[in-house]
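So this block is input-v1.csv, CSV, C-alpha atoms:
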```
chain,number,residue,atom,x,y,z
A,1,MET,CA,102.8,121.3,79.3
A,2,PRO,CA,100.6,122.7,82.1
A,3,THR,CA,102.1,123.2,85.5
A,4,GLY,CA,100.2,122.1,88.6
A,5,LEU,CA,99.7,125.0,91.1
A,6,ARG,CA,98.1,123.4,94.1
A,7,SER,CA,95.6,120.7,95.1
A,8,MET,CA,92.6,120.6,97.4
A,9,PRO,CA,91.6,117.2,98.7
A,10,ALA,CA,87.9,116.9,99.5
A,11,LEU,CA,86.8,114.8,102.4
A,12,THR,CA,83.3,113.5,103.0
A,13,CYS,CA,81.8,114.3,106.4
A,14,ARG,CA,78.4,113.8,108.0
A,15,ASP,CA,78.4,117.0,110.1
A,16,LEU,CA,80.1,119.8,108.2
A,17,ARG,CA,80.4,122.3,111.1
A,18,ALA,CA,81.6,119.8,113.6
A,19,SER,CA,84.3,118.5,111.2
A,20,ALA,CA,85.5,122.0,110.4
A,21,GLN,CA,85.6,122.9,114.0
A,22,ALA,CA,87.6,119.8,115.0
A,23,LEU,CA,90.2,120.4,112.3
A,24,SER,CA,90.5,124.1,113.2
A,25,ARG,CA,90.8,123.4,116.9
A,26,SER,CA,93.1,120.4,116.7
A,27,PHE,CA,95.4,121.3,113.9
A,28,GLY,CA,95.1,125.1,113.4
A,29,PHE,CA,93.2,125.1,110.1
A,30,GLU,CA,91.5,128.5,109.4
A,31,LEU,CA,88.0,128.4,107.9
A,32,ALA,CA,87.8,130.1,104.5
A,33,GLY,CA,84.1,129.7,104.4
A,34,PHE,CA,81.0,127.6,104.1
A,35,TRP,CA,79.0,127.2,100.8
A,36,ALA,CA,75.3,126.3,100.2
A,37,ASP,CA,73.0,126.0,97.2
A,38,GLY,CA,70.5,128.8,97.5
A,39,ASP,CA,68.7,128.8,100.8
A,40,ALA,CA,69.8,125.3,101.8
A,41,PRO,CA,72.1,124.7,104.8
A,42,PRO,CA,75.8,124.8,103.9
A,43,HIS,CA,77.1,121.5,102.4
A,44,PHE,CA,80.7,122.5,101.5
A,45,ALA,CA,83.6,124.1,103.4
A,46,ILE,CA,87.1,125.1,102.6
A,47,LEU,CA,89.9,125.2,105.3
A,48,ARG,CA,93.4,126.5,105.0
A,49,LEU,CA,96.6,125.7,106.9
A,50,GLY,CA,99.2,128.0,105.4
A,51,ASP,CA,99.4,127.1,101.7
A,52,VAL,CA,97.5,123.8,102.3
A,53,THR,CA,93.8,123.8,101.3
A,54,LEU,CA,91.3,121.1,102.4
A,55,ALA,CA,87.7,120.9,101.4
A,56,LEU,CA,84.9,119.2,103.3
A,57,HIS,CA,81.7,118.0,101.7
A,58,GLN,CA,78.7,117.0,103.8
A,59,SER,CA,77.0,113.8,102.8
A,60,ASP,CA,75.2,110.9,104.3
A,61,GLU,CA,77.3,108.5,102.2
A,62,PRO,CA,80.2,106.8,104.0
A,63,ALA,CA,83.7,108.3,103.8
A,64,GLY,CA,86.3,107.0,101.3
A,65,SER,CA,88.1,103.8,101.1
A,66,PRO,CA,90.8,102.6,103.6
A,67,GLY,CA,94.1,104.3,103.5
A,68,PHE,CA,94.7,108.0,103.6
A,69,ALA,CA,92.1,110.4,102.1
A,70,ALA,CA,94.5,113.4,102.3
A,71,TYR,CA,98.3,113.6,102.5
A,72,LEU,CA,99.3,117.2,103.5
A,73,TYR,CA,102.8,118.5,103.6
A,74,ILE,CA,103.7,120.7,106.6
A,75,ASP,CA,106.9,122.2,108.0
A,76,ASP,CA,106.9,120.9,111.6
A,77,ALA,CA,105.3,117.6,112.5
A,78,GLU,CA,106.4,117.9,116.2
A,79,SER,CA,104.6,121.2,116.7
A,80,LEU,CA,101.5,120.0,114.9
A,81,ALA,CA,101.4,116.8,117.1
A,82,GLU,CA,101.8,118.9,120.3
A,83,LEU,CA,98.9,121.2,119.2
A,84,ALA,CA,96.7,118.3,118.3
A,85,LEU,CA,97.4,116.4,121.5
A,86,ALA,CA,96.8,119.5,123.6
A,87,GLN,CA,93.4,119.8,122.0
A,88,GLY,CA,92.5,116.2,122.8
A,89,ALA,CA,92.9,114.8,119.2
A,90,LEU,CA,93.7,111.2,118.9
A,91,ILE,CA,96.7,110.9,116.6
A,92,ASP,CA,99.5,108.5,115.7
A,93,GLY,CA,103.0,109.9,115.5
A,94,PRO,CA,105.0,111.8,114.7
A,95,LEU,CA,106.7,108.7,113.1
A,96,ASP,CA,109.6,108.8,110.7
A,97,GLN,CA,108.9,106.8,107.6
A,98,PRO,CA,111.4,105.1,105.1
A,99,TRP,CA,110.2,107.6,102.4
A,100,ARG,CA,111.9,110.4,104.4
A,101,CYS,CA,108.8,112.0,105.9
A,102,ARG,CA,107.8,112.4,109.5
A,103,GLU,CA,104.1,111.7,109.7
A,104,VAL,CA,101.2,112.5,112.0
A,105,ARG,CA,98.1,110.5,111.3
A,106,TYR,CA,94.6,111.5,112.3
A,107,THR,CA,91.3,109.7,111.6
A,108,ASP,CA,88.3,112.0,111.7
A,109,ARG,CA,84.8,111.2,113.0
A,110,ASP,CA,83.8,110.0,109.5
A,111,GLY,CA,86.7,107.6,109.0
A,112,ASN,CA,88.8,109.9,106.7
A,113,GLN,CA,92.5,109.4,107.5
A,114,ILE,CA,94.5,112.6,107.1
A,115,VAL,CA,98.3,112.3,107.1
A,116,PHE,CA,100.3,115.4,107.9
A,117,ALA,CA,103.9,114.9,106.6
A,118,GLN,CA,107.1,116.8,107.2
A,119,ASP,CA,109.6,116.3,104.4
A,120,LEU,CA,112.9,115.3,106.2
A,121,ALA,CA,115.1,115.6,103.1
A,122,PRO,CA,113.8,118.3,100.8
A,123,GLY,CA,115.3,118.2,97.4
A,124,PRO,CA,114.7,118.7,93.7
A,125,GLU,CA,112.8,115.4,93.4
A,126,GLY,CA,110.0,116.8,95.5
A,127,PRO,CA,108.6,116.2,98.9
A,128,GLY,CA,109.2,112.7,100.4
A,129,LEU,CA,110.9,111.4,97.3
```
Kindly return the structure encoded in the file as structure tokens.
Amino acid sequence: MPTGLRSMPALTCRDLRASAQALSRSFGFELAGFWADGDAPPHFAILRLGDVTLALHQSDEPAGSPGFAAYLYIDDAESLAELALAQGALIDGPLDQPWRCREVRYTDRDGNQIVFAQDLAPGPEGPGL
């Protein structure tokens, strides 16, 4: 049986550089790079926050369906919220949830909802379980 190693949610955005900059400034993501096809402008970016990887894909199509587009596990929801608020990001949380996670919710300029979750009771079942 194969073992999952990591995941990389991909969010749709209308302005690739502005979206990457907002995530970097507000939450501390580091830009791994921009990618393009040939001589065209970049249409894809990868960002990292520790071991969490997030992709951005530029498109004129609307963002995903309602609900969260990415659920990212972090180690300290309070610190992340303080950073985001200090940078002017509009967030909800941190809020403790019944599934034993402390969440910070952010909706980007394209309507993608990103949830940053701190596992409050880590155990062998996995994060938040």
For segment 98-115 of chain A, please output as an NGL selection string all residues within 8 Å (counting all atoms listed in the file; exclusion window: fewer than 2 positions along the same chain). :A and (11-14 or 19 or 62-64 or 67-72 or 77 or 81 or 89-96 or 117-121 or 128-129)
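For the pair atom CA of Val52 of chain A and atom CA of Pro9 of chain A, the separation is 9.6 Å.
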One decimal, in Å: what's the spacing between atom CA of Met8 of chain A and atom CA of Ala55 of chain A? 6.3 Å
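Using all atoms listed in the file, the shortest contact distance between Leu80 of chain A and any of A:Glu61, A:Pro122, A:Ala32, A:Ser26 is found at A:Ser26.
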Which is closest to Tyr73 of chain A among A:Gln87, A:Gln58, A:Ser24, A:Ser7, if we use all atoms listed in the file? A:Ser7
Expressed in Å to a single decimal, how great is the separation between atom CA of Leu83 of chain A and atom CA of Leu23 of chain A? 11.1 Å
With only C-alpha atoms as the atoms that count, which of A:Gly33, A:Gly88, A:Asp60, A:Pro124 lies nearest to Ala20 of chain A? A:Gly33
